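The data block below is target-v6.cif; it holds mmCIF, C-alpha atoms.
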```
data_run
loop_
_atom_site.label_atom_id
_atom_site.label_comp_id
_atom_site.auth_asym_id
_atom_site.auth_seq_id
_atom_site.Cartn_x
_atom_site.Cartn_y
_atom_site.Cartn_z
CA MET A 23 20.44 7.87 -24.10
CA SER A 24 16.68 8.16 -24.63
CA ASN A 25 14.62 10.85 -22.97
CA PRO A 26 12.79 9.84 -19.78
CA THR A 27 9.09 9.16 -20.24
CA ILE A 28 6.91 11.98 -18.92
CA THR A 29 3.11 11.95 -19.01
CA ARG A 30 0.47 14.18 -17.52
CA PHE A 31 -3.16 14.25 -16.47
CA ALA A 32 -4.61 17.75 -16.86
CA PRO A 33 -8.13 17.97 -15.39
CA SER A 34 -10.07 21.22 -15.09
CA PRO A 35 -11.20 21.81 -11.50
CA THR A 36 -14.72 22.68 -12.64
CA GLY A 37 -16.19 19.40 -11.40
CA TYR A 38 -15.31 15.99 -9.99
CA ILE A 39 -13.49 13.24 -11.89
CA HIS A 40 -15.81 10.85 -13.73
CA VAL A 41 -15.09 7.54 -15.48
CA GLY A 42 -14.25 9.30 -18.76
CA ASN A 43 -11.56 11.40 -17.02
CA LEU A 44 -10.28 8.33 -15.22
CA ARG A 45 -9.62 6.51 -18.48
CA THR A 46 -7.29 9.31 -19.57
CA ALA A 47 -5.61 9.59 -16.16
CA LEU A 48 -5.06 5.84 -15.83
CA MET A 49 -3.56 5.38 -19.30
CA ASN A 50 -1.09 8.22 -18.77
CA TYR A 51 -0.24 6.92 -15.30
CA LEU A 52 0.39 3.34 -16.49
CA ILE A 53 2.59 4.50 -19.39
CA ALA A 54 4.76 6.57 -17.06
CA ARG A 55 5.05 3.88 -14.40
CA LYS A 56 5.81 1.08 -16.89
CA ALA A 57 8.70 3.14 -18.28
CA GLY A 58 9.91 4.22 -14.85
CA GLY A 59 9.09 7.80 -15.82
CA THR A 60 7.27 10.79 -14.37
CA PHE A 61 3.52 11.31 -13.99
CA ILE A 62 2.44 14.96 -13.61
CA LEU A 63 -0.88 16.11 -12.19
CA ARG A 64 -1.48 19.40 -13.99
CA ILE A 65 -4.45 21.42 -12.80
CA ASP A 66 -6.01 23.32 -15.72
CA ASP A 67 -7.31 26.26 -13.68
CA THR A 68 -6.93 29.11 -16.18
CA ASP A 69 -10.69 29.82 -15.92
CA PRO A 70 -10.91 31.77 -12.64
CA GLU A 71 -14.71 31.84 -12.56
CA ARG A 72 -15.40 28.12 -13.04
CA SER A 73 -12.35 26.69 -11.26
CA LYS A 74 -13.01 25.82 -7.61
CA GLU A 75 -10.53 24.80 -4.94
CA GLU A 76 -12.98 22.18 -3.65
CA TYR A 77 -12.69 20.43 -7.02
CA VAL A 78 -8.89 20.56 -6.87
CA ASP A 79 -9.08 18.83 -3.50
CA GLY A 80 -11.67 16.38 -4.86
CA ILE A 81 -9.47 15.45 -7.84
CA LYS A 82 -6.55 14.71 -5.54
CA GLN A 83 -8.73 12.68 -3.15
CA ASP A 84 -10.12 10.56 -5.99
CA LEU A 85 -6.66 9.83 -7.41
CA GLU A 86 -5.35 8.97 -3.94
CA TRP A 87 -8.31 6.64 -3.37
CA LEU A 88 -7.35 4.78 -6.54
CA GLY A 89 -3.65 4.73 -5.69
CA LEU A 90 -2.66 6.83 -8.71
CA GLU A 91 0.20 8.74 -7.14
CA TRP A 92 1.59 11.72 -9.01
CA ASP A 93 5.21 12.81 -8.97
CA ARG A 94 4.48 16.52 -8.92
CA VAL A 95 1.61 18.98 -9.18
CA GLU A 96 1.51 21.95 -11.53
CA ARG A 97 -1.06 24.76 -11.51
CA GLN A 98 -1.66 26.52 -14.82
CA SER A 99 -2.91 29.60 -12.97
CA GLU A 100 0.65 29.99 -11.67
CA ARG A 101 2.16 29.88 -15.17
CA LEU A 102 0.27 32.69 -16.92
CA ASP A 103 3.49 34.60 -17.57
CA ARG A 104 4.77 31.64 -19.62
CA TYR A 105 1.64 31.65 -21.80
CA HIS A 106 1.83 35.40 -22.40
CA ALA A 107 5.50 35.06 -23.35
CA ALA A 108 4.55 32.38 -25.89
CA ALA A 109 1.78 34.64 -27.24
CA ASP A 110 4.29 37.47 -27.70
CA ASP A 111 6.59 35.07 -29.55
CA LEU A 112 3.78 34.06 -31.91
CA ARG A 113 2.91 37.72 -32.57
CA GLU A 114 6.51 38.50 -33.46
CA LYS A 115 6.53 35.58 -35.89
CA GLY A 116 3.32 36.74 -37.58
CA ARG A 117 1.39 33.67 -36.44
CA PHE A 118 -1.00 35.41 -34.02
CA TYR A 119 -3.71 37.89 -34.96
CA GLU A 120 -6.60 39.68 -33.30
CA ALA A 121 -10.16 39.10 -34.56
CA PHE A 122 -13.33 40.97 -33.55
CA GLU A 123 -16.33 39.06 -34.94
CA THR A 124 -19.26 38.58 -32.60
CA PRO A 125 -20.68 35.07 -32.07
CA THR A 126 -23.67 36.07 -34.22
CA GLU A 127 -21.42 37.20 -37.08
CA LEU A 128 -19.42 33.98 -36.91
CA ASP A 129 -22.61 31.92 -36.94
CA LEU A 130 -23.84 33.74 -40.05
CA LYS A 131 -20.52 33.10 -41.78
CA ARG A 132 -20.70 29.40 -40.97
CA LYS A 133 -24.25 29.10 -42.29
CA LYS A 134 -23.32 30.89 -45.50
CA GLN A 135 -20.35 28.60 -46.08
CA LEU A 136 -22.44 25.49 -45.43
CA ASN A 137 -25.11 26.70 -47.85
CA MET A 138 -22.39 27.08 -50.48
CA GLY A 139 -21.17 23.54 -49.80
CA LYS A 140 -17.94 24.75 -48.22
CA PRO A 141 -16.45 23.67 -44.87
CA PRO A 142 -17.40 26.10 -42.07
CA VAL A 143 -13.89 27.44 -41.55
CA TYR A 144 -13.06 30.94 -40.30
CA ASP A 145 -12.36 33.13 -43.36
CA ARG A 146 -9.48 35.10 -41.82
CA ALA A 147 -11.24 38.38 -42.52
CA ALA A 148 -9.45 39.91 -39.53
CA LEU A 149 -6.12 39.66 -41.36
CA ASN A 150 -7.33 42.34 -43.79
CA LEU A 151 -8.16 44.91 -41.10
CA SER A 152 -6.11 48.09 -41.06
CA GLY A 153 -4.74 49.56 -37.85
CA GLU A 154 -7.49 52.18 -37.88
CA GLU A 155 -10.20 49.58 -38.38
CA LYS A 156 -8.86 47.49 -35.49
CA ALA A 157 -8.76 50.55 -33.23
CA ALA A 158 -12.36 51.41 -34.15
CA LEU A 159 -13.56 47.85 -33.51
CA ARG A 160 -11.66 47.74 -30.22
CA ALA A 161 -13.29 51.00 -29.15
CA GLU A 162 -16.71 49.68 -30.12
CA ARG A 163 -16.50 46.07 -28.93
CA GLY A 164 -13.53 45.85 -26.58
CA ASP A 165 -10.49 43.63 -27.09
CA GLY A 166 -10.81 40.92 -29.69
CA VAL A 167 -9.84 37.25 -29.51
CA TRP A 168 -6.38 36.11 -30.58
CA ARG A 169 -6.21 33.41 -33.23
CA PHE A 170 -3.27 31.27 -34.27
CA LYS A 171 -2.63 31.44 -38.01
CA LEU A 172 -2.39 27.87 -39.25
CA ASP A 173 -0.04 26.94 -42.03
CA HIS A 174 -2.37 25.42 -44.64
CA ALA A 175 -0.49 22.16 -45.07
CA ARG A 176 -1.21 18.59 -44.05
CA ILE A 177 -0.53 17.77 -40.41
CA GLU A 178 0.48 14.16 -39.89
CA TRP A 179 1.44 11.92 -36.99
CA ASP A 180 1.51 8.24 -36.07
CA ASP A 181 -1.16 7.91 -33.40
CA GLY A 182 -0.57 5.30 -30.70
CA ILE A 183 -4.13 4.01 -31.05
CA LEU A 184 -5.59 5.37 -34.28
CA GLY A 185 -2.53 4.75 -36.46
CA ASP A 186 -1.49 7.17 -39.21
CA ILE A 187 -3.42 10.46 -39.01
CA SER A 188 -3.38 13.16 -41.71
CA ILE A 189 -5.41 16.36 -41.39
CA ASP A 190 -5.55 19.18 -43.93
CA ALA A 191 -5.06 22.34 -41.89
CA ALA A 192 -7.05 24.26 -44.53
CA SER A 193 -10.12 22.38 -43.30
CA VAL A 194 -9.67 23.70 -39.76
CA SER A 195 -10.43 27.17 -38.42
CA ASP A 196 -7.54 29.15 -37.00
CA PRO A 197 -7.94 28.31 -33.29
CA VAL A 198 -8.69 30.98 -30.70
CA LEU A 199 -5.95 30.84 -28.07
CA ILE A 200 -6.82 33.92 -25.99
CA ARG A 201 -10.35 35.15 -25.34
CA GLY A 202 -11.46 38.77 -25.54
CA ASP A 203 -11.37 39.03 -21.75
CA GLY A 204 -7.74 37.92 -21.76
CA GLN A 205 -8.31 34.35 -20.56
CA ILE A 206 -5.71 31.92 -21.85
CA LEU A 207 -7.42 28.92 -23.43
CA TYR A 208 -6.53 25.25 -23.09
CA THR A 209 -4.86 24.87 -26.48
CA LEU A 210 -2.13 27.45 -25.84
CA ALA A 211 -1.59 26.58 -22.17
CA SER A 212 -1.33 22.87 -22.96
CA VAL A 213 1.22 23.42 -25.75
CA VAL A 214 3.44 25.59 -23.57
CA ASP A 215 3.23 23.19 -20.63
CA ASP A 216 3.79 20.03 -22.67
CA THR A 217 6.88 21.47 -24.31
CA GLU A 218 8.40 23.18 -21.27
CA MET A 219 7.70 20.19 -18.99
CA GLY A 220 9.20 17.77 -21.49
CA VAL A 221 6.04 15.67 -21.85
CA THR A 222 6.85 12.73 -24.12
CA HIS A 223 3.48 10.97 -24.36
CA VAL A 224 -0.02 12.46 -24.46
CA VAL A 225 -3.03 10.15 -24.22
CA ARG A 226 -6.51 11.69 -24.38
CA GLY A 227 -9.94 11.21 -25.91
CA SER A 228 -10.53 10.96 -29.66
CA ASP A 229 -12.54 14.21 -29.49
CA HIS A 230 -9.13 15.94 -29.27
CA VAL A 231 -7.79 14.73 -32.64
CA THR A 232 -8.33 18.05 -34.47
CA ASN A 233 -7.04 19.93 -31.45
CA THR A 234 -3.88 17.81 -31.55
CA ALA A 235 -3.31 18.79 -35.18
CA THR A 236 -3.38 22.49 -34.34
CA GLN A 237 -1.20 21.97 -31.26
CA ILE A 238 1.48 20.27 -33.34
CA GLN A 239 1.66 23.36 -35.57
CA ILE A 240 1.78 25.70 -32.56
CA MET A 241 4.63 23.65 -31.08
CA GLU A 242 6.53 23.89 -34.36
CA ALA A 243 5.85 27.64 -34.59
CA LEU A 244 7.29 28.10 -31.11
CA GLY A 245 10.42 26.27 -32.21
CA GLN A 246 9.81 23.16 -30.13
CA GLY A 247 11.46 20.27 -31.92
CA ASN A 248 10.34 17.47 -29.62
CA VAL A 249 6.65 16.87 -30.32
CA PRO A 250 5.10 14.32 -27.91
CA SER A 251 3.80 10.95 -29.06
CA PHE A 252 0.01 11.25 -29.22
CA ALA A 253 -2.60 8.55 -28.70
CA HIS A 254 -6.35 9.12 -28.77
CA HIS A 255 -8.53 6.59 -26.98
CA SER A 256 -12.12 5.91 -27.96
CA LEU A 257 -14.95 7.63 -26.16
CA LEU A 258 -17.15 5.74 -23.72
CA THR A 259 -20.77 4.95 -24.48
CA GLY A 260 -23.50 3.40 -22.38
CA PRO A 261 -24.11 -0.37 -22.46
CA GLN A 262 -26.45 -0.06 -25.47
CA GLY A 263 -24.10 2.26 -27.32
CA GLU A 264 -25.92 5.39 -26.22
CA ALA A 265 -24.02 8.62 -25.59
CA LEU A 266 -22.55 8.61 -22.12
CA SER A 267 -21.74 12.31 -21.97
CA LYS A 268 -25.08 13.29 -20.43
CA ARG A 269 -24.69 10.66 -17.71
CA LEU A 270 -21.10 11.42 -16.73
CA GLY A 271 -22.31 13.63 -13.90
CA THR A 272 -23.80 10.53 -12.26
CA LEU A 273 -20.63 8.52 -12.87
CA ALA A 274 -18.30 10.62 -10.77
CA LEU A 275 -15.71 8.53 -8.93
CA ARG A 276 -16.94 9.76 -5.57
CA ASP A 277 -20.42 8.51 -6.43
CA LEU A 278 -19.05 5.09 -7.38
CA ARG A 279 -17.07 5.05 -4.15
CA GLU A 280 -20.24 5.87 -2.22
CA GLN A 281 -21.96 2.95 -3.94
CA GLY A 282 -19.29 0.63 -2.57
CA VAL A 283 -17.16 0.11 -5.68
CA GLN A 284 -13.62 -0.92 -4.72
CA PRO A 285 -10.60 0.82 -6.34
CA PHE A 286 -9.10 -2.31 -7.91
CA ALA A 287 -12.45 -3.28 -9.42
CA LEU A 288 -12.59 0.10 -11.17
CA LEU A 289 -8.90 0.07 -12.17
CA SER A 290 -9.09 -3.52 -13.48
CA LEU A 291 -12.02 -2.65 -15.72
CA MET A 292 -10.74 0.69 -16.99
CA ALA A 293 -7.22 -0.62 -17.69
CA ARG A 294 -8.59 -3.16 -20.20
CA LEU A 295 -11.90 -1.74 -21.42
CA GLY A 296 -11.69 -1.13 -25.16
CA SER A 297 -8.56 -3.25 -25.61
CA SER A 298 -8.07 -6.69 -27.12
CA ASP A 299 -7.25 -8.05 -23.65
CA PRO A 300 -9.95 -9.58 -21.42
CA VAL A 301 -10.98 -7.75 -18.27
CA GLU A 302 -9.51 -9.62 -15.32
CA LEU A 303 -9.53 -8.62 -11.68
CA ARG A 304 -6.14 -7.41 -10.56
CA THR A 305 -5.36 -6.76 -6.91
CA ASP A 306 -1.87 -5.37 -7.34
CA MET A 307 -0.87 -2.16 -9.11
CA ALA A 308 2.30 -3.77 -10.45
CA GLU A 309 0.21 -6.33 -12.35
CA LEU A 310 -1.84 -3.57 -13.97
CA ILE A 311 1.31 -1.69 -14.95
CA ASP A 312 3.12 -4.72 -16.36
CA GLY A 313 0.12 -5.84 -18.41
CA PHE A 314 -0.67 -2.46 -19.97
CA ASP A 315 -0.03 -1.83 -23.68
CA ILE A 316 -1.54 1.24 -25.35
CA ASN A 317 -1.21 -0.40 -28.76
CA ARG A 318 -3.78 -3.04 -27.80
CA PHE A 319 -6.60 -0.50 -27.63
CA GLY A 320 -8.99 0.02 -30.53
CA SER A 321 -10.67 3.05 -32.03
CA ALA A 322 -14.30 1.83 -31.87
CA PRO A 323 -16.60 3.45 -29.28
CA THR A 324 -16.23 1.56 -26.00
CA LYS A 325 -19.27 0.39 -24.05
CA PHE A 326 -19.18 1.06 -20.33
CA ASP A 327 -21.72 -0.47 -17.97
CA VAL A 328 -21.48 0.52 -14.32
CA ALA A 329 -23.09 -2.82 -13.44
CA ASP A 330 -19.84 -4.56 -14.48
CA LEU A 331 -18.08 -2.99 -11.50
CA PHE A 332 -20.07 -4.87 -8.87
CA PRO A 333 -19.11 -8.47 -9.72
CA LEU A 334 -15.48 -7.32 -9.82
CA THR A 335 -15.91 -5.61 -6.46
CA GLY A 336 -17.48 -8.77 -5.04
CA ARG A 337 -14.58 -10.90 -6.27
CA TYR A 338 -12.11 -8.43 -4.80
CA LEU A 339 -13.83 -8.52 -1.42
CA GLN A 340 -14.01 -12.32 -1.35
CA GLN A 341 -10.23 -12.62 -1.22
CA LEU A 342 -9.78 -10.12 1.63
CA PRO A 343 -8.77 -11.38 5.08
CA LEU A 344 -10.91 -10.55 8.08
CA GLU A 345 -8.44 -7.87 9.21
CA ALA A 346 -9.18 -5.82 6.07
CA VAL A 347 -12.91 -5.63 6.79
CA LYS A 348 -13.11 -6.08 10.56
CA ASP A 349 -13.81 -2.39 11.22
CA ASP A 350 -16.70 -2.45 8.73
CA ILE A 351 -18.11 -5.56 10.38
CA THR A 352 -17.85 -4.41 13.99
CA ALA A 353 -19.34 -1.04 12.99
CA LEU A 354 -22.55 -2.96 12.23
CA GLY A 355 -22.70 -4.18 15.81
CA VAL A 356 -21.41 -7.68 15.13
CA PRO A 357 -19.75 -8.96 18.35
CA GLU A 358 -15.98 -9.39 18.00
CA ASP A 359 -16.21 -13.09 18.78
CA LYS A 360 -18.66 -13.51 15.88
CA ALA A 361 -16.82 -11.33 13.34
CA ALA A 362 -14.71 -14.12 11.79
CA GLN A 363 -17.69 -16.43 11.53
CA PHE A 364 -19.87 -13.67 10.06
CA TRP A 365 -17.25 -12.80 7.40
CA ALA A 366 -16.76 -16.45 6.46
CA VAL A 367 -20.51 -16.86 5.95
CA THR A 368 -21.20 -13.64 4.02
CA ARG A 369 -18.04 -12.92 1.99
CA GLU A 370 -19.14 -14.88 -1.07
CA ASN A 371 -22.64 -13.45 -0.98
CA ILE A 372 -21.95 -9.73 -1.27
CA SER A 373 -21.24 -7.35 -4.14
CA THR A 374 -20.10 -4.47 -1.91
CA LEU A 375 -19.45 -3.98 1.79
CA LYS A 376 -22.80 -2.23 1.97
CA ASP A 377 -24.41 -5.66 1.54
CA LEU A 378 -23.09 -6.74 4.96
CA GLY A 379 -25.68 -4.60 6.76
CA PRO A 380 -28.77 -6.50 5.52
CA TRP A 381 -27.10 -9.82 6.30
CA TRP A 382 -26.38 -8.81 9.90
CA ALA A 383 -29.89 -7.42 10.27
CA MET A 384 -31.26 -10.80 9.17
CA PHE A 385 -29.08 -12.73 11.61
CA ARG A 386 -29.81 -10.33 14.48
CA ASP A 387 -33.53 -9.71 13.98
CA GLY A 388 -34.61 -12.73 11.99
CA ALA A 389 -35.96 -12.67 8.47
CA GLU A 390 -39.52 -12.16 7.36
CA PRO A 391 -40.40 -15.77 6.49
CA VAL A 392 -41.41 -16.57 2.93
CA ILE A 393 -43.79 -19.53 2.95
CA ALA A 394 -45.75 -20.79 -0.05
CA GLU A 395 -49.37 -21.71 0.64
CA GLU A 396 -48.73 -25.37 -0.18
CA ASP A 397 -45.82 -25.45 2.31
CA ARG A 398 -47.56 -23.90 5.32
CA GLU A 399 -48.47 -27.14 7.07
CA PHE A 400 -45.04 -28.62 6.32
CA VAL A 401 -43.16 -25.58 7.69
CA ALA A 402 -45.35 -25.44 10.79
CA GLN A 403 -44.58 -29.09 11.49
CA ALA A 404 -40.86 -28.51 10.85
CA MET A 405 -40.77 -25.58 13.28
CA LEU A 406 -42.03 -27.83 16.05
CA LEU A 407 -38.94 -29.99 15.49
CA LEU A 408 -36.46 -27.07 15.45
CA PRO A 409 -34.14 -27.26 18.49
CA GLU A 410 -33.87 -24.42 20.97
CA MET A 411 -31.19 -21.79 20.49
CA PRO A 412 -28.26 -21.35 20.35
CA PHE A 413 -27.73 -23.32 17.17
CA ASP A 414 -24.41 -24.79 16.07
CA GLU A 415 -22.85 -26.22 12.89
CA THR A 416 -24.71 -29.52 13.32
CA THR A 417 -28.17 -28.01 13.82
CA TRP A 418 -29.12 -27.83 10.13
CA SER A 419 -28.23 -31.44 9.31
CA SER A 420 -29.81 -32.91 12.44
CA TRP A 421 -32.96 -30.79 12.09
CA THR A 422 -33.52 -31.54 8.39
CA ALA A 423 -32.92 -35.24 9.05
CA ALA A 424 -35.63 -35.17 11.71
CA VAL A 425 -38.01 -33.23 9.43
CA LYS A 426 -37.38 -35.68 6.59
CA GLU A 427 -38.20 -38.63 8.80
CA ALA A 428 -41.35 -36.98 10.14
CA THR A 429 -42.73 -35.70 6.82
CA GLY A 430 -41.20 -37.92 4.16
CA ARG A 431 -39.99 -34.88 2.21
CA LYS A 432 -36.53 -34.87 0.69
CA GLY A 433 -34.28 -32.95 -1.69
CA ARG A 434 -35.40 -29.55 -2.91
CA GLY A 435 -38.89 -30.01 -1.50
CA LEU A 436 -37.33 -30.36 1.95
CA PHE A 437 -34.52 -27.83 1.96
CA ARG A 438 -35.94 -24.94 -0.09
CA PRO A 439 -39.05 -24.19 2.05
CA LEU A 440 -36.96 -24.34 5.23
CA ARG A 441 -34.32 -21.94 3.87
CA LEU A 442 -37.09 -19.51 2.80
CA ALA A 443 -38.77 -19.76 6.18
CA LEU A 444 -35.57 -19.00 8.09
CA THR A 445 -33.82 -16.49 5.81
CA GLY A 446 -36.55 -15.17 3.48
CA GLN A 447 -34.13 -15.84 0.59
CA GLU A 448 -33.99 -18.61 -1.98
CA HIS A 449 -30.20 -18.50 -2.25
CA GLY A 450 -27.36 -17.71 0.09
CA PRO A 451 -24.62 -19.24 2.22
CA GLU A 452 -24.64 -22.86 3.32
CA MET A 453 -27.37 -23.22 5.92
CA ALA A 454 -25.04 -25.17 8.21
CA GLN A 455 -22.98 -21.95 8.46
CA VAL A 456 -26.04 -19.71 8.73
CA MET A 457 -27.67 -21.47 11.69
CA PRO A 458 -25.03 -20.63 14.36
CA LEU A 459 -25.40 -16.91 13.56
CA LEU A 460 -29.19 -16.81 13.74
CA GLN A 461 -30.40 -15.08 16.88
CA VAL A 462 -34.13 -14.98 16.08
CA VAL A 463 -36.37 -17.28 14.02
CA ARG A 464 -39.58 -15.47 13.16
CA ALA A 465 -41.10 -18.53 11.50
CA ARG A 466 -41.56 -20.18 14.88
CA GLY A 467 -44.74 -18.13 15.09
#
```
Take the structure in the file and give it back as structure tokens.
Amino acid sequence: MSNPTITRFAPSPTGYIHVGNLRTALMNYLIARKAGGTFILRIDDTDPERSKEEYVDGIKQDLEWLGLEWDRVERQSERLDRYHAAADDLREKGRFYEAFETPTELDLKRKKQLNMGKPPVYDRAALNLSGEEKAALRAERGDGVWRFKLDHARIEWDDGILGDISIDAASVSDPVLIRGDGQILYTLASVVDDTEMGVTHVVRGSDHVTNTATQIQIMEALGQGNVPSFAHHSLLTGPQGEALSKRLGTLALRDLREQGVQPFALLSLMARLGSSDPVELRTDMAELIDGFDINRFGSAPTKFDVADLFPLTGRYLQQLPLEAVKDDITALGVPEDKAAQFWAVTRENISTLKDLGPWWAMFRDGAEPVIAEEDREFVAQAMLLLPEMPFDETTWSSWTAAVKEATGRKGRGLFRPLRLALTGQEHGPEMAQVMPLLQVVRARG
């Protein structure tokens, strides 16, 4: 019997989830759900100064908004004893050592190695310190950092996206797992959690590839035989291939939600972006789960354009029944007896629900007429033929027929100036549907 599939999403509560985080969360969620497994929300709150409870709440709210339900929550701040036990185990096995270099000293070492044409890898000078030297440095500088001693061999795995990976551990610095102030760092906490929680699949960004190599060795050093399957997705760029990292603060999920983006528009895009499958709007989570295949994703940087979310949102809204949006419509002041008619007229002419407000304002208050100089006399004549309110579904056809007979105009030269005069817009819903909702016509003069 095979082991149950277990995945995790491990955000740090030092900020809100952005689209880059979402990509990782969604992939891990879809893998777990497709296999009927477990999806863990693991809060990486080992940094007491930067971690904020408001961000923990925000992370949960964003995932709930998207419908990404977790099976259980873990807090790393509640598991510190497990990390210290693992550190003690590594010390006993001779794979953990204390180092005392200052950041300035490390920087000088790196520059010297680069000047000599060597990789800037930590030289393990701390391994040569005697007990007396360590005590003296500790007295002078305080506690040192704790580094994991890598076995200088090749580290290999079959990556779910990148394929066969092979990294020479000699080209990597021994990673710091515990800071001088005692704070447990991500690499150690993640290894302990992944192994003890039975995580079977880890999907994360390609910037973690080297980190994965060191984690595999730490798992092996701790005697953990079951190493998870790793997959590293490409990093997002802007639409022109520019680095997205500096803009991620403006691409927080709560900001997209505030802009009117709908959850399934975002999920549909992120579940396919960077894969060989086309992006198609999905309105059911089961469809997203069934159609997901991690092996169809590529390693090339993936372009993300926030503008792509709005057509998808518009298409999602178009298929909604009135009941799903009625509260949004009546909140604008649309009378209940006009709500169905208003939704029918506007639903195919909005990108987000925020677009409903300007439409209702136009119907309620009338639009600022747009009249070309050469059309002024024609529009003025047409307004004299416009029936009195209220209008109905036949008003547009009967009015334009009368205007055509009186002026001789037809086709675009007839309809376009009248639409602009009544709505101030060149495009929009069928005017036969618009007329019954108009309460004011400013072009009457």
Item to check | Nearest residue to Gly89 in chain A from the set A:Leu442, A:Ala47, A:Val214, A:Ala274 (distances using only C-alpha atoms) | outcome: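 Of A:Leu442, A:Ala47, A:Val214, A:Ala274, the one nearest Gly89 in chain A is A:Ala47, counting only C-alpha atoms.
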Next on the checklist: One number please: CA of Leu278 in chain A to CA of Arg337 in chain A, in Å, one decimal.
Outcome noted: 16.6 Å
Checklist entry - Rounded to one decimal in Å, what is the spacing between CA of Glu309 in chain A and CA of Leu291 in chain A? => result 13.2 Å
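CA of Val225 in chain A to CA of Asp181 in chain A spans 9.6 Å [interatomic distance, one decimal].
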Next on the checklist: Let me make sure I understand: among A:Lys376, A:Arg176, A:Arg279, A:Arg226, which one has the smallest atom-to-atom distance to Ile238 in chain A if we use all atoms listed in the file?
Outcome noted: A:Arg176
Item to check | Selection result of the PyMOL selection byres ((chain A and resi 318-329) around 8) on this file, as a list in words | outcome: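 That selection, the PyMOL selection byres ((chain A and resi 318-329) around 8), comes back as Ile183, Leu184, His255, Ser256, Leu257, Leu258, Thr259, Gly260, Pro261, Gln262, Gly263, Leu295, Gly296, Ser297, Ser298, Asp299, Asp315, Ile316, Asn317, Asp330, Leu331, Phe332 and Pro333 of chain A.
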Next on the checklist: Can you tell me which residues surround Leu344 in chain A at a distance of at most 7 Å, considering only C-alpha atoms, apart from same-chain residues fewer than 3 positions away, and format the answer as a ChimeraX atom specification?
Outcome noted: /A:347-348,362,365
Next on the checklist: Please list as a list in words every residue within 7 Å of range 161-173 of chain A, counting all atoms listed in the file and excluding residues in the same chain fewer than 6 positions away.
Outcome noted: Arg117, Phe118, Tyr119, Glu120, Ala121, Phe122, Ala191, Asp196, Pro197, Val198, Leu199, Ile200, Arg201 and Gly202 of chain A
Write a file of the just-selected residues containing C-alpha atoms, as an mmCIF file, in the coordinates of the input.
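Written file, again_10.cif:
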```
data_model
loop_
_atom_site.group_PDB
_atom_site.id
_atom_site.type_symbol
_atom_site.label_atom_id
_atom_site.label_comp_id
_atom_site.auth_asym_id
_atom_site.auth_seq_id
_atom_site.Cartn_x
_atom_site.Cartn_y
_atom_site.Cartn_z
ATOM 1 C CA ARG A 117 1.390 33.670 -36.440
ATOM 2 C CA PHE A 118 -1.000 35.410 -34.020
ATOM 3 C CA TYR A 119 -3.710 37.890 -34.960
ATOM 4 C CA GLU A 120 -6.600 39.680 -33.300
ATOM 5 C CA ALA A 121 -10.160 39.100 -34.560
ATOM 6 C CA PHE A 122 -13.330 40.970 -33.550
ATOM 7 C CA ALA A 191 -5.060 22.340 -41.890
ATOM 8 C CA ASP A 196 -7.540 29.150 -37.000
ATOM 9 C CA PRO A 197 -7.940 28.310 -33.290
ATOM 10 C CA VAL A 198 -8.690 30.980 -30.700
ATOM 11 C CA LEU A 199 -5.950 30.840 -28.070
ATOM 12 C CA ILE A 200 -6.820 33.920 -25.990
ATOM 13 C CA ARG A 201 -10.350 35.150 -25.340
ATOM 14 C CA GLY A 202 -11.460 38.770 -25.540
#
```
Checklist entry - Quick one: residues within 12 Å of Gly379 in chain A, all atoms listed in the file counted, chain neighbours fewer than 4 positions away excluded, as a ChimeraX atom specification? => result /A:350-356,364-365,368,372,374-375,383-387
Item to check | Pick from A:Thr422, A:Val249, A:Gln98, A:Leu244 nearest to Asp110 in chain A, counting all atoms listed in the file | outcome: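 Ranking A:Thr422, A:Val249, A:Gln98, A:Leu244 by distance to Asp110 in chain A, first place goes to A:Leu244.
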Checklist entry - Can you find the residues with an atom no farther than 9 Å from (-15.7, -6.1, 1.4), counting all atoms listed in the file, and report them as a list in words? => result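 All residues meeting the 9 Å criterion around (-15.7, -6.1, 1.4) are Gly282, Gln284, Thr335, Gly336, Tyr338, Leu339, Gln340, Gln341, Leu342, Ala346, Val347, Asp350, Arg369, Ile372, Ser373, Thr374, Leu375, Lys376, Asp377 and Leu378 of chain A.
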Item to check | Distance query 12 Å from (-2.7, 13.8, -30.4) using all atoms listed in the file, result as an NGL selection string | outcome: :A and (177-189 or 209 or 212-213 or 216 or 222-239 or 249-255)
Next on the checklist: Calculated over all atoms listed in the file, which of the candidates A:Gln281, A:Phe31, A:Ala454, A:Asp397 has the smallest distance to Arg431 in chain A?
Outcome noted: A:Asp397
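With distances restricted to only C-alpha atoms, A:Leu459 is the closest residue to Lys360 in chain A from A:Ala424, A:Met405, A:Ala293, A:Leu459.
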Checklist entry - So which residues get picked by the PyMOL selection byres ((chain A and resi 142) around 9) here, written as a list in words? => result Lys131, Arg132, Lys133, Lys134, Gln135, Leu136, Gly139, Lys140, Pro141, Val143, Tyr144, Asp145, Ser193, Val194 and Ser195 of chain A
Can you write out the residues you just picked, keeping C-alpha atoms, as a short mmCIF file (atom, residue, chain, number, x, y, z; two decimals), keeping the file's coordinate frame?
```cif
data_model
loop_
_atom_site.label_atom_id
_atom_site.label_comp_id
_atom_site.auth_asym_id
_atom_site.auth_seq_id
_atom_site.Cartn_x
_atom_site.Cartn_y
_atom_site.Cartn_z
CA LYS A 131 -20.52 33.10 -41.78
CA ARG A 132 -20.70 29.40 -40.97
CA LYS A 133 -24.25 29.10 -42.29
CA LYS A 134 -23.32 30.89 -45.50
CA GLN A 135 -20.35 28.60 -46.08
CA LEU A 136 -22.44 25.49 -45.43
CA GLY A 139 -21.17 23.54 -49.80
CA LYS A 140 -17.94 24.75 -48.22
CA PRO A 141 -16.45 23.67 -44.87
CA VAL A 143 -13.89 27.44 -41.55
CA TYR A 144 -13.06 30.94 -40.30
CA ASP A 145 -12.36 33.13 -43.36
CA SER A 193 -10.12 22.38 -43.30
CA VAL A 194 -9.67 23.70 -39.76
CA SER A 195 -10.43 27.17 -38.42
#
```
